[in-house]
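Next up, target33.cif (mmCIF, C-alpha atoms):
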```cif
data_work
loop_
_atom_site.label_atom_id
_atom_site.label_comp_id
_atom_site.auth_asym_id
_atom_site.auth_seq_id
_atom_site.Cartn_x
_atom_site.Cartn_y
_atom_site.Cartn_z
CA MET A 1 -92.64 -82.28 -57.05
CA ALA A 2 -93.50 -78.64 -57.35
CA SER A 3 -92.76 -76.02 -59.91
CA LEU A 4 -92.46 -72.51 -58.56
CA ASN A 5 -91.45 -69.62 -60.89
CA LEU A 6 -93.97 -68.91 -59.53
CA ALA A 7 -95.49 -72.27 -60.22
CA ARG A 8 -97.60 -72.29 -57.11
CA ARG A 9 -99.00 -68.77 -57.47
CA PRO A 10 -102.39 -67.72 -56.12
CA ALA A 11 -105.02 -67.96 -58.83
CA ALA A 12 -107.22 -64.90 -58.83
CA SER A 13 -110.35 -66.89 -59.40
CA ALA A 14 -109.80 -69.78 -57.04
CA ARG A 15 -107.19 -68.83 -54.44
CA VAL A 16 -105.46 -72.11 -55.28
CA LEU A 17 -101.75 -72.18 -56.08
CA MET A 18 -101.28 -73.82 -59.45
CA ILE A 19 -98.23 -76.02 -59.67
CA SER A 20 -96.68 -77.05 -62.96
CA PHE A 21 -95.30 -80.52 -62.37
CA ALA A 22 -93.22 -82.28 -62.76
CA CYS A 23 -95.39 -84.15 -63.98
CA ILE A 24 -97.02 -90.48 -77.16
CA ALA A 25 -99.48 -92.30 -78.37
CA PHE A 26 -100.05 -96.08 -78.75
CA ALA A 27 -97.97 -98.97 -77.44
CA VAL A 28 -95.19 -100.36 -79.59
CA ALA A 29 -92.38 -102.80 -78.89
CA PRO A 30 -89.93 -100.75 -76.78
CA LEU A 31 -86.65 -101.68 -78.51
CA ASP A 32 -87.82 -101.18 -82.08
CA ALA A 33 -90.25 -98.28 -81.84
CA ARG A 34 -91.07 -96.57 -85.12
CA GLN A 35 -89.94 -93.02 -85.74
CA GLN A 36 -92.58 -90.32 -86.08
CA SER A 37 -93.06 -88.69 -89.47
CA GLU A 38 -90.72 -85.79 -90.11
CA PRO A 39 -91.92 -82.20 -90.47
CA ALA A 40 -91.33 -80.23 -93.61
CA ARG A 41 -88.47 -78.12 -92.24
CA GLN A 42 -85.60 -79.60 -90.27
CA LEU A 43 -81.99 -78.96 -89.61
CA PRO A 44 -79.65 -81.19 -91.64
CA ARG A 45 -79.07 -84.51 -89.97
CA PRO A 46 -75.43 -85.49 -89.38
CA ARG A 47 -74.24 -89.00 -89.97
CA ALA A 48 -74.94 -91.03 -86.82
CA GLY A 49 -71.84 -91.41 -84.70
CA ALA A 50 -69.73 -89.18 -86.98
CA GLU A 51 -68.24 -87.49 -83.92
CA PRO A 52 -66.51 -89.47 -81.17
CA LEU A 53 -68.43 -90.01 -77.96
CA ASP A 54 -65.90 -87.89 -76.10
CA ALA A 55 -66.92 -84.92 -78.24
CA LEU A 56 -70.54 -85.35 -77.18
CA GLY A 57 -69.46 -85.58 -73.56
CA GLN A 58 -67.48 -82.37 -73.86
CA GLN A 59 -70.43 -80.57 -75.43
CA ILE A 60 -72.67 -81.63 -72.54
CA GLU A 61 -69.97 -80.62 -70.07
CA ARG A 62 -70.05 -77.11 -71.51
CA ILE A 63 -73.79 -76.92 -70.80
CA ARG A 64 -73.16 -78.11 -67.24
CA ALA A 65 -70.38 -75.58 -66.74
CA ALA A 66 -72.57 -72.70 -67.97
CA LEU A 67 -75.53 -73.64 -65.76
CA PRO A 68 -75.74 -71.55 -62.56
CA GLY A 69 -76.42 -74.63 -60.49
CA GLU A 70 -75.88 -78.38 -60.46
CA MET A 71 -76.55 -80.82 -63.28
CA SER A 72 -76.20 -84.61 -63.33
CA VAL A 73 -76.44 -86.49 -66.63
CA TYR A 74 -76.65 -90.18 -67.51
CA MET A 75 -76.97 -91.37 -71.10
CA LYS A 76 -76.79 -94.88 -72.52
CA ASN A 77 -77.32 -96.02 -76.10
CA LEU A 78 -78.88 -99.45 -75.63
CA LYS A 79 -77.90 -100.53 -79.15
CA THR A 80 -74.21 -99.62 -79.00
CA GLY A 81 -73.66 -99.75 -75.24
CA GLU A 82 -72.12 -96.26 -75.23
CA VAL A 83 -72.44 -94.44 -71.90
CA ILE A 84 -71.94 -90.87 -70.74
CA ALA A 85 -72.09 -90.45 -66.96
CA LEU A 86 -71.49 -86.98 -65.53
CA ASP A 87 -71.82 -86.77 -61.75
CA SER A 88 -74.35 -89.56 -62.24
CA ASP A 89 -73.95 -91.17 -58.80
CA ARG A 90 -74.90 -88.08 -56.82
CA VAL A 91 -78.12 -88.58 -54.86
CA MET A 92 -80.51 -85.79 -55.83
CA GLU A 93 -84.14 -84.76 -55.40
CA THR A 94 -86.23 -86.42 -58.11
CA PHE A 95 -89.51 -84.64 -57.49
CA SER A 96 -92.06 -86.27 -59.80
CA VAL A 97 -89.60 -88.56 -61.58
CA VAL A 98 -90.11 -90.84 -58.54
CA LYS A 99 -93.61 -91.47 -59.87
CA VAL A 100 -92.00 -93.96 -62.28
CA PRO A 101 -90.83 -96.22 -59.40
CA ILE A 102 -94.30 -95.84 -57.87
CA MET A 103 -95.81 -97.00 -61.17
CA ALA A 104 -93.48 -100.00 -61.22
CA GLU A 105 -94.53 -101.03 -57.71
CA VAL A 106 -98.22 -100.63 -58.54
CA LEU A 107 -97.79 -103.00 -61.48
CA ARG A 108 -95.72 -105.44 -59.41
CA GLN A 109 -98.47 -105.71 -56.80
CA ALA A 110 -101.16 -105.93 -59.48
CA GLU A 111 -99.35 -108.84 -61.14
CA ALA A 112 -98.97 -110.50 -57.73
CA GLY A 113 -102.76 -110.42 -57.38
CA THR A 114 -102.94 -107.89 -54.54
CA PHE A 115 -105.43 -105.90 -56.61
CA SER A 116 -106.44 -105.43 -60.23
CA LEU A 117 -105.71 -102.48 -62.50
CA SER A 118 -109.45 -102.43 -63.20
CA ASP A 119 -110.33 -101.97 -59.51
CA ARG A 120 -111.98 -98.65 -58.80
CA ILE A 121 -110.96 -96.32 -55.98
CA THR A 122 -113.47 -93.80 -54.69
CA LEU A 123 -111.82 -90.43 -54.15
CA LYS A 124 -112.65 -88.55 -50.96
CA VAL A 125 -112.59 -84.85 -50.25
CA GLY A 126 -109.49 -85.30 -48.07
CA ASP A 127 -107.62 -86.85 -51.00
CA ARG A 128 -107.43 -83.51 -52.76
CA ARG A 129 -103.92 -82.18 -53.37
CA LEU A 130 -102.49 -78.92 -54.60
CA PRO A 131 -101.98 -79.25 -58.33
CA SER A 132 -100.36 -80.26 -60.69
CA GLY A 133 -103.16 -82.43 -61.92
CA LEU A 134 -106.89 -82.04 -62.29
CA LEU A 135 -108.49 -84.42 -59.80
CA TYR A 136 -108.44 -81.75 -57.06
CA SER A 137 -110.90 -79.72 -59.16
CA LEU A 138 -113.48 -82.51 -59.51
CA ASP A 139 -116.24 -83.44 -57.10
CA PRO A 140 -115.50 -86.06 -54.43
CA GLY A 141 -116.96 -89.49 -55.13
CA LEU A 142 -115.32 -90.02 -58.50
CA ALA A 143 -114.15 -93.64 -58.80
CA PRO A 144 -111.34 -93.99 -61.38
CA THR A 145 -109.63 -97.32 -61.96
CA VAL A 146 -106.11 -98.00 -60.73
CA ARG A 147 -104.98 -97.82 -64.36
CA ASP A 148 -106.71 -94.43 -64.73
CA LEU A 149 -104.82 -93.15 -61.70
CA LEU A 150 -101.53 -94.49 -63.08
CA THR A 151 -102.13 -92.63 -66.32
CA LEU A 152 -103.00 -89.35 -64.58
CA MET A 153 -100.01 -89.68 -62.23
CA ILE A 154 -97.64 -89.96 -65.19
CA ILE A 155 -98.96 -87.90 -68.08
CA ILE A 156 -100.07 -84.82 -66.11
CA SER A 157 -98.25 -85.66 -62.87
CA ASP A 158 -101.48 -85.56 -60.86
CA ASN A 159 -100.58 -85.28 -57.17
CA GLU A 160 -103.87 -86.63 -55.88
CA ALA A 161 -103.49 -89.75 -58.02
CA THR A 162 -99.91 -90.08 -56.79
CA ASP A 163 -100.73 -90.01 -53.09
CA VAL A 164 -103.71 -92.36 -53.53
CA LEU A 165 -101.55 -94.93 -55.33
CA ALA A 166 -98.54 -94.53 -53.03
CA ASP A 167 -100.83 -94.95 -50.01
CA LYS A 168 -102.27 -98.08 -51.59
CA VAL A 169 -98.98 -99.86 -52.28
CA GLY A 170 -96.94 -98.32 -49.47
CA ARG A 171 -93.97 -96.04 -49.94
CA ALA A 172 -91.72 -98.44 -48.04
CA SER A 173 -92.70 -101.13 -50.56
CA VAL A 174 -91.64 -98.87 -53.42
CA THR A 175 -88.25 -98.32 -51.80
CA ARG A 176 -87.83 -102.02 -51.00
CA THR A 177 -88.61 -103.07 -54.58
CA MET A 178 -86.12 -100.52 -55.92
CA GLN A 179 -83.47 -101.96 -53.59
CA GLN A 180 -84.26 -105.49 -54.76
CA LEU A 181 -83.82 -104.32 -58.34
CA GLY A 182 -80.37 -102.99 -57.48
CA PHE A 183 -81.22 -99.33 -56.91
CA PRO A 184 -80.28 -98.63 -53.27
CA HIS A 185 -80.42 -94.84 -53.59
CA THR A 186 -83.92 -94.70 -55.11
CA THR A 187 -86.25 -94.00 -52.20
CA ILE A 188 -89.57 -92.45 -51.32
CA GLU A 189 -90.65 -91.75 -47.76
CA PHE A 190 -92.98 -88.77 -47.60
CA SER A 191 -96.29 -87.98 -49.26
CA ASP A 192 -97.16 -84.97 -51.34
CA LEU A 193 -99.45 -83.94 -48.49
CA ASP A 194 -96.53 -84.16 -46.02
CA TRP A 195 -94.57 -81.82 -48.30
CA ASP A 196 -97.42 -79.36 -48.73
CA ARG A 197 -98.15 -79.23 -45.01
CA LEU A 198 -94.53 -78.36 -44.22
CA TRP A 199 -94.33 -75.77 -46.99
CA LEU A 200 -97.63 -74.06 -46.10
CA SER A 201 -96.95 -74.15 -42.36
CA ARG A 202 -93.84 -72.04 -42.98
CA LEU A 203 -96.31 -69.35 -44.00
CA ASP A 204 -99.11 -70.21 -41.56
CA PRO A 205 -98.30 -72.64 -38.70
CA SER A 206 -101.95 -73.72 -38.47
CA TYR A 207 -101.45 -75.73 -41.67
CA LYS A 208 -99.00 -78.14 -40.01
CA ASN A 209 -101.68 -80.86 -39.91
CA ALA A 210 -104.01 -79.59 -42.63
CA SER A 211 -106.12 -82.01 -44.65
CA GLY A 212 -105.77 -82.15 -48.40
CA ASP A 213 -108.96 -80.20 -49.01
CA GLN A 214 -107.74 -77.48 -46.65
CA THR A 215 -104.42 -77.11 -48.49
CA ILE A 216 -106.08 -76.34 -51.82
CA LEU A 217 -107.91 -73.43 -50.18
CA PHE A 218 -104.73 -71.90 -48.73
CA PRO A 219 -104.96 -68.07 -48.92
CA PHE A 220 -101.87 -67.44 -51.04
CA ASP A 221 -103.13 -63.94 -51.83
CA LYS A 222 -102.23 -62.93 -48.26
CA TYR A 223 -98.53 -63.38 -48.97
CA THR A 224 -96.05 -61.83 -51.34
CA GLY A 225 -94.54 -63.85 -54.13
CA GLN A 226 -91.17 -63.60 -52.40
CA GLN A 227 -92.58 -65.04 -49.17
CA VAL A 228 -94.10 -67.98 -51.05
CA GLU A 229 -90.86 -68.56 -52.97
CA GLU A 230 -88.68 -68.49 -49.87
CA ALA A 231 -90.95 -70.93 -48.01
CA PHE A 232 -90.84 -73.22 -51.02
CA LEU A 233 -87.05 -73.01 -51.34
CA HIS A 234 -86.45 -73.76 -47.67
CA THR A 235 -88.81 -76.72 -47.82
CA ILE A 236 -86.73 -78.20 -50.65
CA TYR A 237 -83.31 -77.74 -49.14
CA ASP A 238 -83.55 -77.06 -45.40
CA SER A 239 -86.39 -79.16 -44.05
CA GLY A 240 -85.17 -82.76 -44.14
CA ILE A 241 -88.22 -83.76 -46.16
CA TYR A 242 -88.04 -84.91 -49.76
CA PHE A 243 -90.40 -86.10 -52.46
CA GLY A 244 -88.07 -88.68 -53.98
CA HIS A 245 -84.36 -89.45 -53.97
CA SER A 246 -82.28 -91.17 -56.63
CA THR A 247 -79.32 -90.79 -58.97
CA THR A 248 -79.40 -90.26 -62.70
CA ARG A 249 -77.59 -93.58 -63.15
CA GLU A 250 -80.17 -95.54 -61.14
CA ILE A 251 -83.12 -93.94 -62.90
CA GLY A 252 -81.36 -94.53 -66.21
CA GLU A 253 -80.85 -98.20 -65.40
CA LEU A 254 -84.50 -98.43 -64.34
CA PHE A 255 -85.52 -97.13 -67.77
CA GLU A 256 -83.08 -99.55 -69.40
CA LYS A 257 -84.83 -102.46 -67.70
CA MET A 258 -88.11 -101.06 -68.94
CA ALA A 259 -86.84 -100.73 -72.51
CA ARG A 260 -85.54 -104.29 -72.43
CA ARG A 261 -88.92 -105.48 -71.10
CA GLU A 262 -87.28 -106.62 -67.85
CA LEU A 263 -88.90 -104.23 -65.35
CA ILE A 264 -91.43 -106.29 -63.37
CA SER A 265 -92.45 -108.27 -66.50
CA PRO A 266 -92.61 -107.83 -70.29
CA ALA A 267 -96.29 -106.86 -70.08
CA ALA A 268 -95.68 -104.40 -67.22
CA SER A 269 -92.75 -102.84 -69.07
CA ASP A 270 -94.85 -102.44 -72.21
CA LEU A 271 -97.67 -100.79 -70.26
CA MET A 272 -95.29 -98.38 -68.52
CA ILE A 273 -93.85 -97.32 -71.86
CA GLU A 274 -97.33 -96.96 -73.35
CA ILE A 275 -98.32 -94.60 -70.54
CA LEU A 276 -95.05 -92.64 -70.56
CA LYS A 277 -95.38 -92.02 -74.29
CA LYS A 278 -98.55 -90.06 -73.57
CA GLN A 279 -96.62 -87.50 -71.49
CA GLU A 280 -98.11 -84.02 -71.76
CA VAL A 281 -95.32 -82.10 -70.01
CA ASN A 282 -93.00 -81.65 -72.98
CA ASN A 283 -91.06 -78.44 -72.34
CA ARG A 284 -87.66 -80.07 -71.80
CA PHE A 285 -86.36 -83.10 -73.74
CA PRO A 286 -88.80 -82.73 -76.67
CA LYS A 287 -88.28 -78.97 -77.15
CA TYR A 288 -85.82 -79.14 -80.05
CA LEU A 289 -86.54 -82.66 -81.34
CA SER A 290 -88.56 -83.37 -84.49
CA ASP A 291 -88.37 -87.08 -85.22
CA VAL A 292 -88.00 -88.77 -81.87
CA VAL A 293 -90.43 -91.16 -80.23
CA MET A 294 -90.11 -90.67 -76.50
CA ALA A 295 -91.34 -92.19 -73.23
CA HIS A 296 -90.41 -89.85 -70.39
CA LYS A 297 -91.29 -88.26 -67.05
CA THR A 298 -90.45 -84.83 -65.72
CA GLY A 299 -89.92 -83.59 -62.20
CA ASP A 300 -90.24 -79.97 -61.10
CA GLY A 301 -89.16 -77.73 -58.26
CA GLN A 302 -88.63 -74.66 -60.38
CA PRO A 303 -86.87 -72.33 -60.56
CA TRP A 304 -84.43 -74.21 -58.32
CA LEU A 305 -84.54 -77.58 -60.01
CA ALA A 306 -86.11 -79.37 -62.95
CA ASN A 307 -85.60 -82.93 -64.17
CA ASP A 308 -86.41 -85.11 -67.16
CA ALA A 309 -85.85 -88.83 -67.67
CA GLY A 310 -86.83 -91.43 -70.22
CA ILE A 311 -86.18 -93.40 -73.39
CA LEU A 312 -85.63 -91.71 -76.76
CA TRP A 313 -85.73 -93.73 -79.98
CA VAL A 314 -83.34 -92.13 -82.48
CA GLN A 315 -82.88 -93.83 -85.86
CA GLN A 316 -84.09 -97.13 -84.33
CA GLN A 317 -81.64 -96.77 -81.45
CA PRO A 318 -83.18 -96.77 -77.95
CA ILE A 319 -81.31 -94.23 -75.87
CA VAL A 320 -81.83 -93.76 -72.14
CA LEU A 321 -81.32 -90.17 -71.02
CA VAL A 322 -81.68 -88.73 -67.51
CA VAL A 323 -80.94 -85.14 -66.48
CA PHE A 324 -81.33 -83.92 -62.90
CA THR A 325 -80.59 -80.37 -61.74
CA GLY A 326 -80.43 -78.60 -58.40
CA HIS A 327 -79.59 -75.36 -56.58
CA HIS A 328 -80.31 -73.43 -59.76
CA ARG A 329 -80.00 -69.65 -59.63
CA GLY A 330 -81.81 -68.21 -62.60
CA PRO A 331 -85.09 -68.24 -64.48
CA THR A 332 -87.03 -71.42 -65.16
CA SER A 333 -86.93 -70.82 -68.91
CA SER A 334 -83.13 -71.04 -69.05
CA LEU A 335 -83.12 -74.11 -66.80
CA HIS A 336 -85.57 -75.92 -69.09
CA ASP A 337 -83.57 -74.82 -72.11
CA SER A 338 -80.34 -76.27 -70.71
CA ILE A 339 -82.04 -79.64 -70.24
CA ALA A 340 -83.52 -79.44 -73.72
CA ARG A 341 -80.09 -78.73 -75.20
CA VAL A 342 -78.62 -81.84 -73.61
CA ALA A 343 -81.31 -83.91 -75.33
CA ALA A 344 -80.70 -82.07 -78.61
CA LEU A 345 -76.97 -82.81 -78.51
CA VAL A 346 -77.60 -86.51 -77.83
CA VAL A 347 -80.16 -86.81 -80.61
CA ARG A 348 -78.01 -84.94 -83.11
CA HIS A 349 -75.01 -87.14 -82.25
CA TYR A 350 -76.98 -90.26 -83.13
CA GLY A 351 -78.39 -88.91 -86.39
CA GLY A 352 -81.76 -87.52 -85.35
CA HIS A 353 -83.38 -84.37 -86.72
CA LEU A 354 -83.64 -81.14 -84.74
CA LYS A 355 -86.16 -78.34 -85.19
CA PRO A 356 -85.06 -75.19 -87.05
CA GLU A 357 -85.31 -73.11 -83.87
CA TYR A 358 -82.40 -75.02 -82.34
CA LYS A 359 -79.33 -72.78 -82.42
CA PRO A 360 -76.02 -74.31 -81.22
#
```
Render the structure in this file as structure tokens.
Amino acid sequence: MASLNLARRPAASARVLMISFACIAFAVAPLDARQQSEPARQLPRPRAGAEPLDALGQQIERIRAALPGEMSVYMKNLKTGEVIALDSDRVMETFSVVKVPIMAEVLRQAEAGTFSLSDRITLKVGDRRLPSGLLYSLDPGLAPTVRDLLTLMIIISDNEATDVLADKVGRASVTRTMQQLGFPHTTIEFSDLDWDRLWLSRLDPSYKNASGDQTILFPFDKYTGQQVEEAFLHTIYDSGIYFGHSTTREIGELFEKMARRELISPAASDLMIEILKKQEVNNRFPKYLSDVVMAHKTGDGQPWLANDAGILWVQQQPIVLVVFTGHHRGPTSSLHDSIARVAALVVRHYGGHLKPEYKP
């Protein structure tokens, strides 16, 4: 959902708190995606699988132990069947990672004929949402297609696109489809607007029922950064509201279905991967990787939590990796770096190249 640090800070020019969300190029067959060309300078690549899987697990455990907070990790190599699951059945806040289940439900209903991906939805002034995203900054009356909204929801984690699509398909329908797929802990109940209203009303009670266009004009400059942070923190952990819930194992198995072209349908799986490969929030998993094709989605509630989840193709091996964090006590930069290092360890273990700036 949100990214504080201070991700939702007042902008001097617009009085709008800018959130960094948590929110790859053309479609290829998901289980045999080509590797990207390698840069001129790389760290030496070890022989794939030279170390036992237990050694990789221990290395990741050391990152978890050093993190001042919680970390759940699920990794599965879809070629070898190897799995690492560290606290992977704990139900945690997904923030924007739940936009992947929303995308799956949109495509399920589209394939059922409820609507078409080419249908256009006219955006109203009340649809505006605090960023991340860009739709809030455009004039009302824009009419993007459902597919356009899917793309914006995933690659820049646009909150307005998210609420419009979730309203269209129904959040209960998203949860029900996840349950039918075998993911009982993957749920969505509240809208981004619900979350923003509760957060902002902790600062100004008059915002309890604010419209979307009112929230983006919230006078953040009236409050200290500490006041905004504390309201944000208490909304995450003390309010009973959530953006999305799941476990790293369930999200990992959802991505496995996608990689195997079994999520909704082969065509739907291919489209989801095509969109996810265009991800523009690349400050976690991709940070230290130099030759890895990736389809992934982030989730942000920084500095208290940050997530990343997706499929990494390493030496023609599709690897599902999901990292969730929570209750973090420290700067966002170190939180992102811990997540990036988990991805680096996995990629190095399976023979992928890392960037020179990676230091063990």
(message) Ranking A:Ser206, A:Asn282, A:Gln179, A:Ser191 by minimum distance to A:Gly310 and counting only C-alpha atoms, which one comes first?
(response) A:Asn282
(request) Rank A:His234, A:Arg341, A:His185, A:Arg329 by their smallest atom-to-atom distance to A:Asp89, using only C-alpha atoms, and report the top residue only. (result) A:His185
Quick one: 8 Å padding each side, axis-aligned, all listed atoms of stretch 106-119 of chain A - centre and edge lengths in Å to one decimal, as lines of an AutoDock Vina configuration file?
```
center_x = -103.0
center_y = -105.6
center_z = -58.9
size_x = 30.6
size_y = 25.9
size_z = 24.7
```
(message) Could you tell me how far atom CA of A:Lys257 sits from atom CA of A:Glu82, in Å to one decimal place?
(response)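 Separation of atom CA of A:Glu82 and atom CA of A:Lys257: 16.0 Å.
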(message) Can you measure atom CA of A:Pro303 to atom CA of A:Thr332 for me? One decimal in Å is fine.
(response)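 Straight-line distance from atom CA of A:Pro303 to atom CA of A:Thr332 works out to 4.7 Å.
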(message) So, with all atoms listed in the file as the atoms that count, which of A:Ala344, A:Val100, A:Leu107, A:Ile63 lies closest to A:Met153?
(response)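 When distances to A:Met153 are compared using all atoms listed in the file, the smallest one comes from A:Val100.
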(request) Counting only C-alpha atoms, figure out which residue out of A:Leu203, A:Val228, A:Val347, A:Leu150 gets nearest to A:Met75. (result)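 Between A:Leu203, A:Val228, A:Val347, A:Leu150, the residue approaching A:Met75 most closely is A:Val347.
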(message) Could you tell me, as a PyMOL selection string, exactly which residues end up selected when the PyMOL selection byres ((chain A and resi 353) around 6) is applied to this structure?
(response) chain A and resi 45+290-291+352+354
Given only C-alpha atoms, how would the per-residue table for stretch 198-250 of chain A near stretch 136-142 of chain A read, listing every residue at most 12 Å away with its closest atom pair and distance in Å to one decimal, sorted by chain and number, as JSON lines?
```
{"residue": "A:Gly212", "atom": "CA", "partner": "A:Tyr136", "partner_atom": "CA", "distance": 9.1}
{"residue": "A:Asp213", "atom": "CA", "partner": "A:Tyr136", "partner_atom": "CA", "distance": 8.2}
{"residue": "A:Gln214", "atom": "CA", "partner": "A:Tyr136", "partner_atom": "CA", "distance": 11.3}
{"residue": "A:Thr215", "atom": "CA", "partner": "A:Tyr136", "partner_atom": "CA", "distance": 10.5}
{"residue": "A:Ile216", "atom": "CA", "partner": "A:Tyr136", "partner_atom": "CA", "distance": 7.9}
{"residue": "A:Leu217", "atom": "CA", "partner": "A:Tyr136", "partner_atom": "CA", "distance": 10.8}
```
(request) Identify all residues satisfying the PyMOL selection byres ((chain A and resi 265) around 12) in the given file; provide them as a PyMOL selection string. (result) chain A and resi 104-105+107-112+257-264+266-272
(message) Please expand the PyMOL selection byres ((chain A and resi 306) around 12) into the concrete residues it hits in this file, giving the result as a ChimeraX atom specification.
(response) /A:1-5,20-23,69-72,92-97,281,283-285,297-305,307-309,322-340
(request) Using atom CA of A:Leu117 and atom CA of A:Val146 as the two end points, give the distance in Å to one decimal. (result)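 Here the two named atoms are 4.8 Å from each other.
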(request) Might you pull out every residue within 8 Å of A:Thr187, with all atoms listed in the file counted and same-chain residues fewer than 5 positions away left off, and present them as a ChimeraX atom specification? (result) /A:174-175,178,244-246
(message) Let me make sure I understand: among A:Glu189, A:Arg202, A:Ala343, A:Gly351, which one has the smallest atom-to-atom distance to A:Gln317 if we use all atoms listed in the file?
(response)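 Of all the options, A:Gly351 lies closest to A:Gln317.
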(message) Using only C-alpha atoms for the distances, tell me which of A:Leu56, A:Val98, A:Leu165, A:Ile155 is nearest to A:Arg120.
(response)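 Checking each candidate against A:Arg120, we get A:Leu165 as the closest.
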(request) Fewer than 5 positions away in the same chain doesn't count, so skip those; otherwise give me all residues within 8 Å of A:Leu86, counting all atoms listed in the file, as a VMD selection string. (result) chain A and resid 61 72 to 74
(message) Residues near A:Ile319, anyone? I mean within 7 Å using all atoms listed in the file, not counting same-chain ones fewer than 5 positions away, as number ranges by chain.
(response) A: 76-78, 311-313
(message) Applying 8 Å and only C-alpha atoms, which residues near A:Gln279 remain after dropping the ones on its own chain fewer than 4 positions away? List them as JSON, numbers by chain.
(response) {"A": [24, 154, 155, 156, 275, 295, 296, 297]}
